[in-house]
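Structure file final_15.txt with compact mmCIF, C-alpha atoms and all ligand atoms:
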```txt
# COMPACT_ATOMS: atom_id res chain seq x y z
CA MET J 16 31.80 -3.64 40.14
CA ALA J 17 28.38 -2.34 41.21
CA PRO J 18 26.77 -4.12 44.16
CA ASN J 19 24.11 -6.62 43.27
CA PRO J 20 20.95 -5.58 45.15
CA LEU J 21 19.63 -9.11 45.07
CA THR J 22 22.43 -10.47 47.19
CA SER J 23 24.04 -7.34 48.66
CA GLU J 24 27.23 -8.95 47.45
CA PRO J 25 29.44 -7.51 44.75
CA GLY J 26 27.64 -8.19 41.47
CA THR J 27 28.46 -11.49 39.91
CA GLY J 28 25.50 -11.71 37.57
CA THR J 29 24.27 -14.74 39.49
CA ARG J 30 20.49 -14.83 39.60
CA THR J 31 19.17 -15.77 42.99
CA THR J 32 15.77 -16.61 44.40
CA ALA J 33 16.61 -14.78 47.63
CA ASP J 34 14.09 -12.11 48.54
CA PRO J 35 15.20 -9.05 46.59
CA LYS J 36 15.48 -5.65 48.19
CA ILE J 37 12.87 -4.09 46.02
CA LEU J 38 13.73 -0.50 46.80
CA SER J 39 17.31 -0.94 45.69
CA LEU J 40 16.30 -2.02 42.19
CA ILE J 41 15.77 1.59 41.11
CA ARG J 42 18.11 4.54 41.58
CA ASP J 43 16.05 7.68 41.16
CA GLU J 44 18.27 10.78 41.41
CA PRO J 45 17.64 14.41 40.39
CA THR J 46 18.96 14.05 36.83
CA ARG J 47 19.67 10.35 36.60
CA PHE J 48 17.39 7.31 36.72
CA ARG J 49 18.67 3.75 36.70
CA LEU J 50 17.02 0.36 36.80
CA HIS J 51 18.62 -2.93 37.80
CA SER J 52 18.44 -5.46 34.98
CA ALA J 53 17.22 -8.15 37.41
CA VAL J 54 13.74 -6.68 36.89
CA TYR J 55 13.76 -8.42 33.50
CA THR J 56 15.31 -11.71 34.52
CA ASN J 57 14.59 -12.65 38.11
CA GLN J 58 11.89 -15.27 38.78
CA HIS J 59 11.20 -14.06 42.32
CA ILE J 60 10.61 -10.50 41.12
CA PHE J 61 8.34 -11.80 38.37
CA ASP J 62 6.25 -13.79 40.86
CA LYS J 63 5.88 -10.68 43.02
CA GLU J 64 4.83 -8.61 39.99
CA ILE J 65 2.00 -11.06 39.41
CA SER J 66 0.77 -11.03 43.00
CA ARG J 67 1.44 -7.37 43.83
CA ILE J 68 0.62 -5.68 40.52
CA PHE J 69 -1.48 -7.88 38.23
CA GLU J 70 -3.57 -9.40 41.01
CA ARG J 71 -4.15 -6.13 42.90
CA SER J 72 -4.68 -3.51 40.15
CA TRP J 73 -7.35 -2.56 37.64
CA ILE J 74 -6.50 -4.74 34.66
CA PHE J 75 -7.97 -4.41 31.18
CA VAL J 76 -9.77 -7.65 30.29
CA ALA J 77 -11.77 -6.84 27.13
CA HIS J 78 -13.45 -4.20 25.04
CA GLU J 79 -17.24 -4.48 25.14
CA GLU J 80 -17.23 -4.93 21.37
CA MET J 81 -15.24 -8.16 21.76
CA VAL J 82 -18.44 -9.59 23.26
CA HIS J 83 -20.85 -7.72 21.05
CA GLN J 84 -23.79 -10.17 21.01
CA PRO J 85 -25.47 -11.97 23.93
CA GLY J 86 -23.63 -15.28 24.27
CA ASP J 87 -20.28 -13.92 23.02
CA TYR J 88 -17.31 -14.60 25.28
CA VAL J 89 -13.51 -14.23 25.41
CA THR J 90 -11.07 -15.78 27.85
CA THR J 91 -8.04 -14.08 29.35
CA ASN J 92 -6.00 -13.90 32.57
CA LEU J 93 -5.85 -11.68 35.60
CA GLY J 94 -2.26 -12.25 36.59
CA LYS J 95 -2.08 -16.01 36.39
CA GLN J 96 -5.78 -16.54 37.10
CA PRO J 97 -7.95 -17.64 34.19
CA VAL J 98 -11.14 -15.65 33.59
CA ILE J 99 -14.05 -15.54 31.16
CA VAL J 100 -15.61 -12.30 29.94
CA SER J 101 -19.10 -13.05 28.64
CA ARG J 102 -22.29 -11.25 27.69
CA ASP J 103 -25.49 -12.87 28.92
CA GLU J 104 -28.98 -12.88 27.39
CA ASP J 105 -29.88 -9.65 29.21
CA GLY J 106 -26.91 -7.93 27.56
CA ASP J 107 -24.94 -7.69 30.80
CA ILE J 108 -21.22 -8.43 30.84
CA SER J 109 -19.86 -10.83 33.47
CA VAL J 110 -16.22 -11.41 34.32
CA LEU J 111 -15.95 -14.87 35.92
CA PHE J 112 -13.19 -17.08 37.19
CA ASN J 113 -12.71 -19.84 34.64
CA ARG J 114 -12.78 -22.53 37.31
CA CYS J 115 -15.37 -25.22 37.81
CA ALA J 116 -17.10 -25.24 41.20
CA HIS J 117 -16.76 -29.04 41.32
CA ARG J 118 -13.07 -29.92 41.22
CA GLY J 119 -11.53 -26.94 39.60
CA SER J 120 -11.06 -27.57 35.89
CA VAL J 121 -11.37 -24.63 33.54
CA VAL J 122 -14.83 -24.79 31.99
CA CYS J 123 -13.90 -22.91 28.83
CA ARG J 124 -10.84 -23.83 26.76
CA GLU J 125 -11.40 -21.52 23.79
CA GLU J 126 -9.98 -18.02 23.34
CA ARG J 127 -13.31 -16.67 22.13
CA GLY J 128 -16.65 -17.88 20.90
CA HIS J 129 -20.38 -17.92 21.38
CA ALA J 130 -22.13 -20.05 24.01
CA ASN J 131 -25.18 -19.86 26.21
CA VAL J 132 -23.64 -22.26 28.69
CA PHE J 133 -20.19 -23.53 29.65
CA ARG J 134 -19.98 -27.28 30.11
CA CYS J 135 -17.07 -28.45 32.24
CA PRO J 136 -14.93 -30.94 30.30
CA TYR J 137 -14.21 -33.07 33.39
CA HIS J 138 -17.59 -34.31 34.78
CA GLY J 139 -20.03 -32.31 32.71
CA TRP J 140 -21.40 -29.71 35.12
CA VAL J 141 -23.09 -26.91 33.19
CA PHE J 142 -22.95 -23.20 34.02
CA GLY J 143 -24.90 -20.37 32.43
CA ASN J 144 -22.88 -17.60 30.77
CA ASN J 145 -23.63 -15.43 33.82
CA GLY J 146 -21.95 -18.07 36.00
CA HIS J 147 -24.98 -19.76 37.58
CA LEU J 148 -24.93 -23.54 37.89
CA VAL J 149 -27.74 -24.81 35.71
CA GLY J 150 -27.11 -28.52 35.48
CA VAL J 151 -25.14 -31.34 37.00
CA ALA J 152 -24.44 -34.75 35.50
CA GLN J 153 -26.01 -37.74 37.30
CA ARG J 154 -27.94 -35.50 39.65
CA SER J 155 -29.05 -38.33 41.98
CA GLY J 156 -25.55 -38.46 43.46
CA TYR J 157 -26.29 -35.22 45.35
CA PRO J 158 -28.97 -34.41 47.97
CA ASP J 159 -32.15 -32.47 47.27
CA ASP J 160 -30.75 -29.15 48.51
CA PHE J 161 -27.73 -29.37 46.19
CA PHE J 162 -28.70 -26.32 44.13
CA ASP J 163 -28.95 -24.29 47.35
CA TRP J 164 -25.25 -24.70 48.07
CA GLY J 165 -24.48 -21.59 46.07
CA LEU J 166 -22.10 -23.30 43.67
CA ARG J 167 -21.36 -21.27 40.55
CA LEU J 168 -18.57 -19.77 38.44
CA GLU J 169 -17.40 -17.13 40.88
CA PRO J 170 -17.48 -13.51 39.70
CA ILE J 171 -14.37 -11.32 39.84
CA PRO J 172 -14.82 -9.02 42.87
CA ARG J 173 -14.66 -5.73 40.95
CA VAL J 174 -15.59 -5.01 37.33
CA GLU J 175 -16.04 -1.53 35.84
CA THR J 176 -16.17 -0.12 32.34
CA TYR J 177 -15.08 3.15 30.79
CA ARG J 178 -15.79 4.05 27.14
CA GLY J 179 -16.22 0.36 26.31
CA LEU J 180 -12.97 -0.69 28.03
CA VAL J 181 -13.74 -3.38 30.61
CA PHE J 182 -11.42 -3.50 33.62
CA ALA J 183 -11.42 -6.03 36.45
CA ASN J 184 -9.72 -6.03 39.82
CA LEU J 185 -9.14 -8.95 42.16
CA ASP J 186 -8.84 -6.58 45.12
CA PRO J 187 -12.34 -5.99 46.57
CA THR J 188 -11.08 -2.94 48.48
CA ALA J 189 -9.56 -1.18 45.44
CA PRO J 190 -10.56 2.47 44.84
CA PRO J 191 -13.04 2.88 41.97
CA LEU J 192 -11.89 2.77 38.36
CA SER J 193 -12.77 6.45 37.96
CA ASP J 194 -10.05 7.32 40.51
CA ARG J 195 -7.56 5.10 38.76
CA LEU J 196 -8.22 6.62 35.33
CA SER J 197 -8.54 10.22 36.49
CA SER J 198 -5.35 11.45 34.79
CA VAL J 199 -5.44 9.36 31.62
CA ARG J 200 -9.19 9.70 31.01
CA ARG J 201 -8.85 12.74 28.75
CA TYR J 202 -6.56 10.75 26.44
CA ILE J 203 -8.92 7.75 26.41
CA ASP J 204 -11.66 10.16 25.36
CA LEU J 205 -9.52 11.65 22.58
CA TRP J 206 -8.68 8.13 21.39
CA CYS J 207 -12.32 7.00 21.34
CA ASP J 208 -13.43 10.24 19.72
CA ARG J 209 -11.36 9.50 16.63
CA SER J 210 -14.68 8.00 15.71
CA PRO J 211 -16.99 10.87 14.71
CA GLU J 212 -19.68 8.94 16.60
CA GLY J 213 -17.43 8.24 19.59
CA ARG J 214 -17.77 4.50 19.09
CA LEU J 215 -15.42 1.76 17.96
CA ARG J 216 -16.04 -1.50 16.20
CA LEU J 217 -13.62 -4.41 16.56
CA PRO J 218 -13.30 -6.86 13.71
CA GLU J 219 -13.55 -10.49 14.76
CA GLY J 220 -10.24 -12.06 15.65
CA VAL J 221 -7.01 -11.08 17.28
CA HIS J 222 -3.38 -10.96 16.20
CA ARG J 223 -1.48 -12.77 18.96
CA TYR J 224 2.28 -13.29 19.18
CA GLU J 225 4.62 -14.59 21.84
CA PHE J 226 8.22 -13.50 22.37
CA PRO J 227 11.06 -14.70 24.62
CA ALA J 228 11.48 -11.53 26.67
CA ASN J 229 10.08 -9.72 29.69
CA TRP J 230 6.64 -8.06 29.51
CA LYS J 231 7.97 -4.66 30.61
CA LEU J 232 10.07 -4.37 27.46
CA GLN J 233 6.85 -3.97 25.49
CA ALA J 234 5.47 -1.60 28.15
CA GLU J 235 8.57 0.61 27.80
CA ASN J 236 8.76 0.40 24.03
CA GLY J 237 5.23 1.42 23.11
CA VAL J 238 5.87 4.94 24.44
CA ASP J 239 9.55 5.08 23.46
CA GLY J 240 10.02 7.86 20.94
CA TYR J 241 13.79 7.46 20.88
CA HIS J 242 14.19 4.16 19.05
CA GLY J 243 12.29 4.72 15.80
CA ASN J 244 15.14 6.13 13.72
CA TYR J 245 17.27 3.10 14.53
CA VAL J 246 15.06 0.05 15.09
CA HIS J 247 12.80 1.06 12.21
CA GLU J 248 15.50 2.56 10.01
CA SER J 249 14.74 0.24 7.11
CA PHE J 250 11.09 1.31 7.09
CA VAL J 251 12.04 4.99 7.27
CA ASN J 252 14.37 4.43 4.30
CA ILE J 253 11.58 2.78 2.31
CA LEU J 254 9.22 5.67 3.02
CA GLU J 255 11.84 8.19 1.94
CA ARG J 256 13.05 6.27 -1.11
CA SER J 257 9.49 5.82 -2.33
CA GLY J 258 8.86 9.55 -1.95
CA GLU J 259 6.11 8.96 0.59
CA ARG J 260 8.09 11.14 2.96
CA GLY J 261 10.70 13.75 2.17
CA ALA J 262 14.36 12.80 2.64
CA GLY J 263 15.29 13.17 6.30
CA SER J 264 11.84 14.45 7.22
CA THR J 265 10.97 11.65 9.64
CA THR J 266 14.20 12.00 11.58
CA LYS J 267 13.88 15.77 11.60
CA THR J 268 10.29 15.65 12.89
CA ARG J 269 11.28 13.29 15.66
CA ASN J 270 14.19 15.39 16.80
CA THR J 271 12.67 18.86 16.63
CA LEU J 272 12.31 20.48 20.00
CA GLY J 273 9.59 23.07 20.46
CA SER J 274 7.08 21.44 18.13
CA ARG J 275 4.14 19.39 19.39
CA ASN J 276 6.28 16.34 20.10
CA PHE J 277 5.93 15.15 23.66
CA ALA J 278 6.55 12.23 25.95
CA LYS J 279 4.46 12.41 29.09
CA GLY J 280 4.43 10.59 32.39
CA MET J 281 1.26 10.51 34.43
CA PRO J 282 0.25 9.35 37.90
CA HIS J 283 -0.45 5.60 38.30
CA GLY J 284 2.37 4.71 35.88
CA ASP J 285 0.50 5.75 32.76
CA GLY J 286 2.41 7.29 29.88
CA LEU J 287 1.98 8.95 26.55
CA LEU J 288 3.87 9.46 23.35
CA GLU J 289 2.33 12.35 21.43
CA ARG J 290 3.32 13.78 18.06
CA GLU J 291 1.78 16.14 15.58
CA GLU J 292 3.11 14.04 12.70
CA GLY J 293 5.76 11.54 11.75
CA MET J 294 4.69 8.61 13.95
CA LEU J 295 5.44 5.42 12.06
CA GLY J 296 2.51 3.12 11.30
CA THR J 297 0.05 5.94 11.85
CA PHE J 298 -2.78 6.88 9.55
CA ASP J 299 -2.64 10.39 8.11
CA TYR J 300 -6.04 11.69 9.24
CA ARG J 301 -5.27 15.27 8.26
CA GLY J 302 -4.80 14.19 4.65
CA HIS J 303 -8.36 12.84 4.45
CA LYS J 304 -10.67 15.77 3.87
CA ASP J 305 -13.93 13.90 4.21
CA TYR J 306 -12.87 12.43 7.56
CA CYS J 307 -11.70 15.82 8.84
CA GLU J 308 -15.05 17.35 7.94
CA ARG J 309 -16.94 14.60 9.76
CA LEU J 310 -14.76 15.02 12.82
CA GLU J 311 -15.14 18.80 12.87
CA ALA J 312 -18.90 18.47 12.44
CA SER J 313 -19.01 16.23 15.53
CA TYR J 314 -16.58 17.99 17.82
CA GLY J 315 -15.67 21.42 16.41
CA PRO J 316 -12.31 22.39 14.88
CA ASP J 317 -10.24 22.73 18.06
CA ARG J 318 -11.14 19.36 19.51
CA ALA J 319 -10.90 17.75 16.07
CA ASP J 320 -7.32 19.07 15.83
CA ASP J 321 -6.52 17.64 19.27
CA ILE J 322 -8.11 14.29 18.36
CA MET J 323 -5.91 14.03 15.25
CA MET J 324 -2.67 14.32 17.23
CA GLN J 325 -0.81 11.01 16.97
CA ARG J 326 -0.74 9.22 20.30
CA ASN J 327 0.34 5.98 21.90
CA ILE J 328 -1.28 5.75 25.32
CA PHE J 329 -0.01 3.36 27.97
CA ILE J 330 -2.37 2.43 30.80
CA PHE J 331 -0.35 0.65 33.46
CA PRO J 332 0.33 -2.23 33.59
CA ASN J 333 -0.97 -4.10 30.55
CA LEU J 334 -2.90 -1.89 28.11
CA PHE J 335 -1.90 0.27 25.17
CA LEU J 336 -4.28 2.34 23.12
CA PHE J 337 -2.22 2.70 19.98
CA GLU J 338 -3.44 4.93 17.22
CA SER J 339 -4.97 2.03 15.28
CA HIS J 340 -5.42 -0.73 17.81
CA ILE J 341 -5.78 -2.01 21.34
CA ARG J 342 -2.64 -3.82 22.48
CA VAL J 343 -2.66 -6.05 25.56
CA ILE J 344 0.45 -7.39 27.29
CA HIS J 345 0.35 -10.81 28.93
CA PRO J 346 3.27 -11.78 31.19
CA VAL J 347 4.00 -15.53 31.25
CA SER J 348 7.43 -15.80 32.92
CA PRO J 349 10.42 -13.46 33.37
CA ASN J 350 11.48 -14.15 29.81
CA THR J 351 8.21 -15.07 28.08
CA SER J 352 5.32 -12.78 27.20
CA TYR J 353 2.62 -12.56 24.61
CA ILE J 354 0.76 -9.72 23.00
CA ASP J 355 -2.81 -9.44 21.74
CA VAL J 356 -3.40 -6.84 19.04
CA HIS J 357 -7.00 -5.85 18.33
CA PRO J 358 -7.37 -3.49 15.35
CA THR J 359 -10.25 -1.03 15.56
CA TYR J 360 -12.70 0.54 13.12
CA LEU J 361 -14.03 4.03 13.71
CA GLU J 362 -17.82 4.22 13.54
CA GLY J 363 -18.93 7.09 11.34
CA ALA J 364 -15.53 7.53 9.69
CA GLY J 365 -16.60 5.98 6.39
CA ASP J 366 -15.52 2.71 4.78
CA GLU J 367 -12.69 4.21 2.75
CA THR J 368 -11.05 5.81 5.79
CA ASN J 369 -11.43 2.63 7.83
CA GLU J 370 -9.95 0.46 5.09
CA GLU J 371 -6.96 2.73 4.47
CA ARG J 372 -6.39 3.03 8.20
CA LEU J 373 -6.42 -0.75 8.59
CA SER J 374 -3.98 -1.10 5.65
CA GLU J 375 -1.59 1.34 7.30
CA HIS J 376 -1.92 -0.64 10.52
CA GLU J 377 -1.16 -3.91 8.73
CA ARG J 378 1.83 -2.42 6.91
CA PHE J 379 3.55 -1.55 10.18
CA PHE J 380 2.00 -3.69 12.93
CA GLY J 381 0.70 -6.71 11.02
CA PRO J 382 2.25 -10.21 11.09
CA SER J 383 4.37 -9.38 8.04
CA GLY J 384 4.52 -5.66 8.80
CA PHE J 385 7.61 -3.48 8.75
CA GLY J 386 7.51 -2.39 12.38
CA ALA J 387 6.32 -4.79 15.06
CA PRO J 388 8.75 -7.62 14.13
CA ASP J 389 11.69 -5.19 14.51
CA ASP J 390 10.50 -4.26 17.98
CA ILE J 391 10.23 -7.91 19.02
CA GLU J 392 13.79 -8.48 17.83
CA ILE J 393 14.92 -5.65 20.10
CA PHE J 394 13.01 -7.10 23.08
CA VAL J 395 14.97 -10.33 22.61
CA CYS J 396 18.25 -8.41 22.20
CA THR J 397 17.60 -6.60 25.49
CA GLN J 398 16.56 -9.75 27.34
CA THR J 399 19.73 -11.47 26.12
CA GLY J 400 21.93 -8.53 27.10
CA ALA J 401 20.35 -8.40 30.56
CA ALA J 402 21.93 -11.78 31.37
CA ALA J 403 25.46 -10.37 31.06
CA SER J 404 27.23 -10.08 34.40
CA SER J 405 28.72 -6.64 33.73
CA ASN J 406 27.41 -3.44 35.30
CA PRO J 407 23.73 -4.39 35.81
CA TRP J 408 22.37 -0.84 35.74
CA LEU J 409 20.23 0.32 32.82
CA GLU J 410 20.01 4.04 32.02
CA PHE J 411 16.56 5.65 31.86
CA SER J 412 17.88 9.19 32.35
CA ARG J 413 17.22 10.73 28.95
CA GLY J 414 15.65 14.19 29.25
CA MET J 415 15.40 14.12 33.03
CA HIS J 416 17.30 17.42 33.21
CA ARG J 417 14.76 19.15 30.94
CA GLU J 418 11.40 17.64 31.91
CA ALA J 419 8.74 19.85 33.47
CA LEU J 420 5.46 19.51 35.33
CA ASN J 421 2.42 20.95 33.54
CA GLU J 422 -0.86 22.29 34.95
CA LEU J 423 -2.48 18.83 34.64
CA GLY J 424 0.15 17.27 36.88
CA GLU J 425 1.82 15.51 33.95
CA VAL J 426 5.59 15.30 33.63
CA VAL J 427 6.36 16.48 30.11
CA GLY J 428 9.48 15.98 28.04
CA HIS J 429 10.48 15.86 24.42
CA SER J 430 9.03 12.88 22.57
CA THR J 431 12.42 11.15 22.54
CA ASP J 432 12.84 11.43 26.32
CA GLU J 433 12.38 8.55 28.74
CA VAL J 434 9.69 10.32 30.75
CA PRO J 435 6.94 7.65 30.43
CA GLN J 436 9.37 4.89 31.33
CA ARG J 437 10.35 6.65 34.54
CA SER J 438 6.67 7.06 35.38
CA LEU J 439 6.10 3.37 34.73
CA TYR J 440 8.94 2.28 37.00
CA ARG J 441 8.06 4.67 39.82
CA GLU J 442 4.58 3.14 39.93
CA TRP J 443 6.08 -0.33 39.60
CA LEU J 444 8.27 0.38 42.63
CA ARG J 445 5.38 1.86 44.59
CA LEU J 446 3.15 -1.19 44.01
CA MET J 447 5.94 -3.69 44.62
CA SER J 448 6.81 -1.94 47.91
CA GLU J 449 3.18 -1.53 48.96
CA GLY J 450 2.56 -5.20 48.21
CA GLU J 451 5.50 -6.14 50.39
CA ARG J 452 4.05 -4.11 53.27
CA LEU J 453 0.60 -5.70 52.86
CA GLU J 454 2.11 -9.19 52.78
CA GLU J 455 4.04 -8.47 55.98
CA ASN J 456 0.72 -7.53 57.58
CA GLY J 457 -0.88 -10.71 56.36
CA LEU J 458 -3.15 -8.94 53.81
S1 LIG L 501 -14.31 -30.53 37.66
FE1 LIG L 501 -15.95 -29.65 36.59
S2 LIG L 501 -17.48 -31.13 36.60
FE2 LIG L 501 -15.90 -32.00 37.74
FE FE L 502 9.00 0.41 17.50
```

Let me see the file written as structure tokens.
Ligand code: FES
Ligand SMILES: [Fe+2]
Amino acid sequence: MAPNPLTSEPGTGTRTTADPKILSLIRDEPTRFRLHSAVYTNQHIFDKEISRIFERSWIFVAHEEMVHQPGDYVTTNLGKQPVIVSRDEDGDISVLFNRCAHRGSVVCREERGHANVFRCPYHGWVFGNNGHLVGVAQRSGYPDDFFDWGLRLEPIPRVETYRGLVFANLDPTAPPLSDRLSSVRRYIDLWCDRSPEGRLRLPEGVHRYEFPANWKLQAENGVDGYHGNYVHESFVNILERSGERGAGSTTKTRNTLGSRNFAKGMPHGDGLLEREEGMLGTFDYRGHKDYCERLEASYGPDRADDIMMQRNIFIFPNLFLFESHIRVIHPVSPNTSYIDVHPTYLEGAGDETNEERLSEHERFFGPSGFGAPDDIEIFVCTQTGAAASSNPWLEFSRGMHREALNELGEVVGHSTDEVPQRSLYREWLRLMSEGERLEENGL
């Protein structure tokens, strides 16, 4: 039986809280890549992921359009820390700890809304939506200089925005966001430029769902081009039986080498699934003449063609830019996660295109869609299987023997290869190891 890296004892499947030997959780060999299944199940590893990854990295917190008007706000988490993203009367966006300066209650309990001030539910202190303390209940209980104490909703140390995507970082010493996004930026641009005006609109509301499995299963799956023919077989059959797609065409497209079907791994753990056609749940832009003309008028034919490639973009550790929507992963515990799905409209694409695109999104990704529920079922299957005490090693080796480095520094494989997943776990290992070193040095 394979040794259990958590105990250095022969594997018994026993989960332990002993400090894991992080480096031994991944076996990265020339043509074989394996991951220990404890990364899905172990509480200690999960706690370290929160402190070493989610509380030290650039984390997506909102799209600017989620707080479109002054006074709009949304709440979310950075790791386990509650935060508010709000737009003040000057139009500036603040990202604030959702923690009262008095005795620590959250001041905002809603997921989103509109407010000029946040009133703490405990003793009624009032903070402006830029975080400043503007009022305190029963003021005479404090001395005259009370408002000089600097009490406020504290801002997150680092906040930066790219193409409307707002990222925050709890590490004040982190390199700038532009460094972090340097490799994936061109794909963010292509994604935003699906709008002929280069701007997105987000309808009010979010589709949120929780599942009893580890957060990384969603991270792996969103750029997994291998599973579609199997997990989504029933949907493929419906498309082919209805004549919407030719018999066998979806499977053939997926499996054809040499066409524009790629899986890519990038620095910083980012990944990409890219196809010319055949991606399930994806709007057929090329079949909409009016949209194509608008896009070509804005960007020219070559870039328009590149924009219309079908892409799922993973930005480590918690953000997906899917073709139709923004998808955000929230880890809760080793075996509990939830997802926020924010559908997008493309400014300048025309109402008909936007409505058909949203319908296609709903058909596959919606609450009663044909696709997303199947994926969740597989997350649960994998989480359940990970508890078995057999050989704990998971295989992420597909296509490793045929991947190549391109001129952009991307590792490129066929779209069914596990290239993005290897990229994800190499970055995971780097941050988990780096975090361990910083902790040892008291940082
Ligand atoms: S904890 Fe917020 S007013 Fe007391
Ligand atoms: Fe899927």

With all atoms listed in the file counted, collect every polymer residue having an atom within 6 Å of ligand LIG 501 (chain L); state the result as a JSON list (two decimals) with C-alpha atoms, keeping the file's coordinate frame.
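Final output, saved to result-v6.json:
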```json
[["chain", "number", "residue", "atom", "x", "y", "z"],
["J", 115, "CYS", "CA", -15.37, -25.22, 37.81],
["J", 117, "HIS", "CA", -16.76, -29.04, 41.32],
["J", 118, "ARG", "CA", -13.07, -29.92, 41.22],
["J", 119, "GLY", "CA", -11.53, -26.94, 39.60],
["J", 120, "SER", "CA", -11.06, -27.57, 35.89],
["J", 135, "CYS", "CA", -17.07, -28.45, 32.24],
["J", 137, "TYR", "CA", -14.21, -33.07, 33.39],
["J", 138, "HIS", "CA", -17.59, -34.31, 34.78],
["J", 139, "GLY", "CA", -20.03, -32.31, 32.71],
["J", 140, "TRP", "CA", -21.40, -29.71, 35.12]]
```

- Message: Just checking: using all atoms listed in the file, which residue out of J:Ala419, J:Ala262, J:Ile65, J:Met294 ends up closest to His376 in chain J?
- Response: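 Nearest candidate to His376 in chain J out of J:Ala419, J:Ala262, J:Ile65, J:Met294: J:Met294.
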
- One decimal, Å: what's the distance from CA of Ser197 in chain J over to CA of Phe331 in chain J, could you say? 13.0 Å

- Selected residue of minimal separation from Pro97 in chain J among J:His345, J:Arg326, J:Arg417, J:Arg214, counting only C-alpha atoms: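 With only C-alpha atoms as the atom set, the closest residue is J:His345.
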
- Nearest to ligand FE 502 (chain L) among J:Glu235, J:Glu125, J:Glu292, J:Asp366, with distances taken over all atoms listed in the file: which residue is it? J:Glu235

- Task: Compare J:Arg378, J:Arg127, J:Arg178, J:Arg71 by their minimum atom-to-atom distance to Val98 in chain J, counting all atoms listed in the file, and give me the closest one.
- Result: J:Arg127

Where atoms are missing, can you supply N, CA and C atoms for range 191-203 of chain J and output the lot as a PDB file, in the coordinates of the input?
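Printed below is part.pdb as written:
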```pdb
ATOM      1  N   PRO J 191     -12.312   3.071  43.219  1.00  0.00           N
ATOM      2  CA  PRO J 191     -13.040   2.880  41.970  1.00  0.00           C
ATOM      3  C   PRO J 191     -12.188   3.164  40.733  1.00  0.00           C
ATOM      4  N   LEU J 192     -12.614   2.585  39.623  1.00  0.00           N
ATOM      5  CA  LEU J 192     -11.890   2.770  38.360  1.00  0.00           C
ATOM      6  C   LEU J 192     -11.770   4.245  37.994  1.00  0.00           C
ATOM      7  N   SER J 193     -12.806   5.019  38.315  1.00  0.00           N
ATOM      8  CA  SER J 193     -12.770   6.450  37.960  1.00  0.00           C
ATOM      9  C   SER J 193     -11.586   7.148  38.626  1.00  0.00           C
ATOM     10  N   ASP J 194     -11.243   6.748  39.849  1.00  0.00           N
ATOM     11  CA  ASP J 194     -10.050   7.320  40.510  1.00  0.00           C
ATOM     12  C   ASP J 194      -8.801   6.905  39.757  1.00  0.00           C
ATOM     13  N   ARG J 195      -8.753   5.628  39.421  1.00  0.00           N
ATOM     14  CA  ARG J 195      -7.560   5.100  38.760  1.00  0.00           C
ATOM     15  C   ARG J 195      -7.299   5.788  37.417  1.00  0.00           C
ATOM     16  N   LEU J 196      -8.380   6.075  36.680  1.00  0.00           N
ATOM     17  CA  LEU J 196      -8.220   6.620  35.330  1.00  0.00           C
ATOM     18  C   LEU J 196      -8.264   8.148  35.298  1.00  0.00           C
ATOM     19  N   SER J 197      -8.268   8.782  36.465  1.00  0.00           N
ATOM     20  CA  SER J 197      -8.540  10.220  36.490  1.00  0.00           C
ATOM     21  C   SER J 197      -7.589  11.020  35.598  1.00  0.00           C
ATOM     22  N   SER J 198      -6.316  10.658  35.567  1.00  0.00           N
ATOM     23  CA  SER J 198      -5.350  11.450  34.790  1.00  0.00           C
ATOM     24  C   SER J 198      -5.358  11.083  33.313  1.00  0.00           C
ATOM     25  N   VAL J 199      -5.574   9.831  33.010  1.00  0.00           N
ATOM     26  CA  VAL J 199      -5.440   9.360  31.620  1.00  0.00           C
ATOM     27  C   VAL J 199      -6.782   9.430  30.884  1.00  0.00           C
ATOM     28  N   ARG J 200      -7.853   9.739  31.618  1.00  0.00           N
ATOM     29  CA  ARG J 200      -9.190   9.700  31.010  1.00  0.00           C
ATOM     30  C   ARG J 200      -9.299  10.616  29.798  1.00  0.00           C
ATOM     31  N   ARG J 201      -8.709  11.798  29.875  1.00  0.00           N
ATOM     32  CA  ARG J 201      -8.850  12.740  28.750  1.00  0.00           C
ATOM     33  C   ARG J 201      -8.221  12.161  27.476  1.00  0.00           C
ATOM     34  N   TYR J 202      -7.189  11.344  27.635  1.00  0.00           N
ATOM     35  CA  TYR J 202      -6.560  10.750  26.440  1.00  0.00           C
ATOM     36  C   TYR J 202      -7.377   9.556  25.926  1.00  0.00           C
ATOM     37  N   ILE J 203      -8.009   8.829  26.848  1.00  0.00           N
ATOM     38  CA  ILE J 203      -8.920   7.750  26.410  1.00  0.00           C
ATOM     39  C   ILE J 203     -10.052   8.367  25.598  1.00  0.00           C
TER      40      ILE J 203
END
```
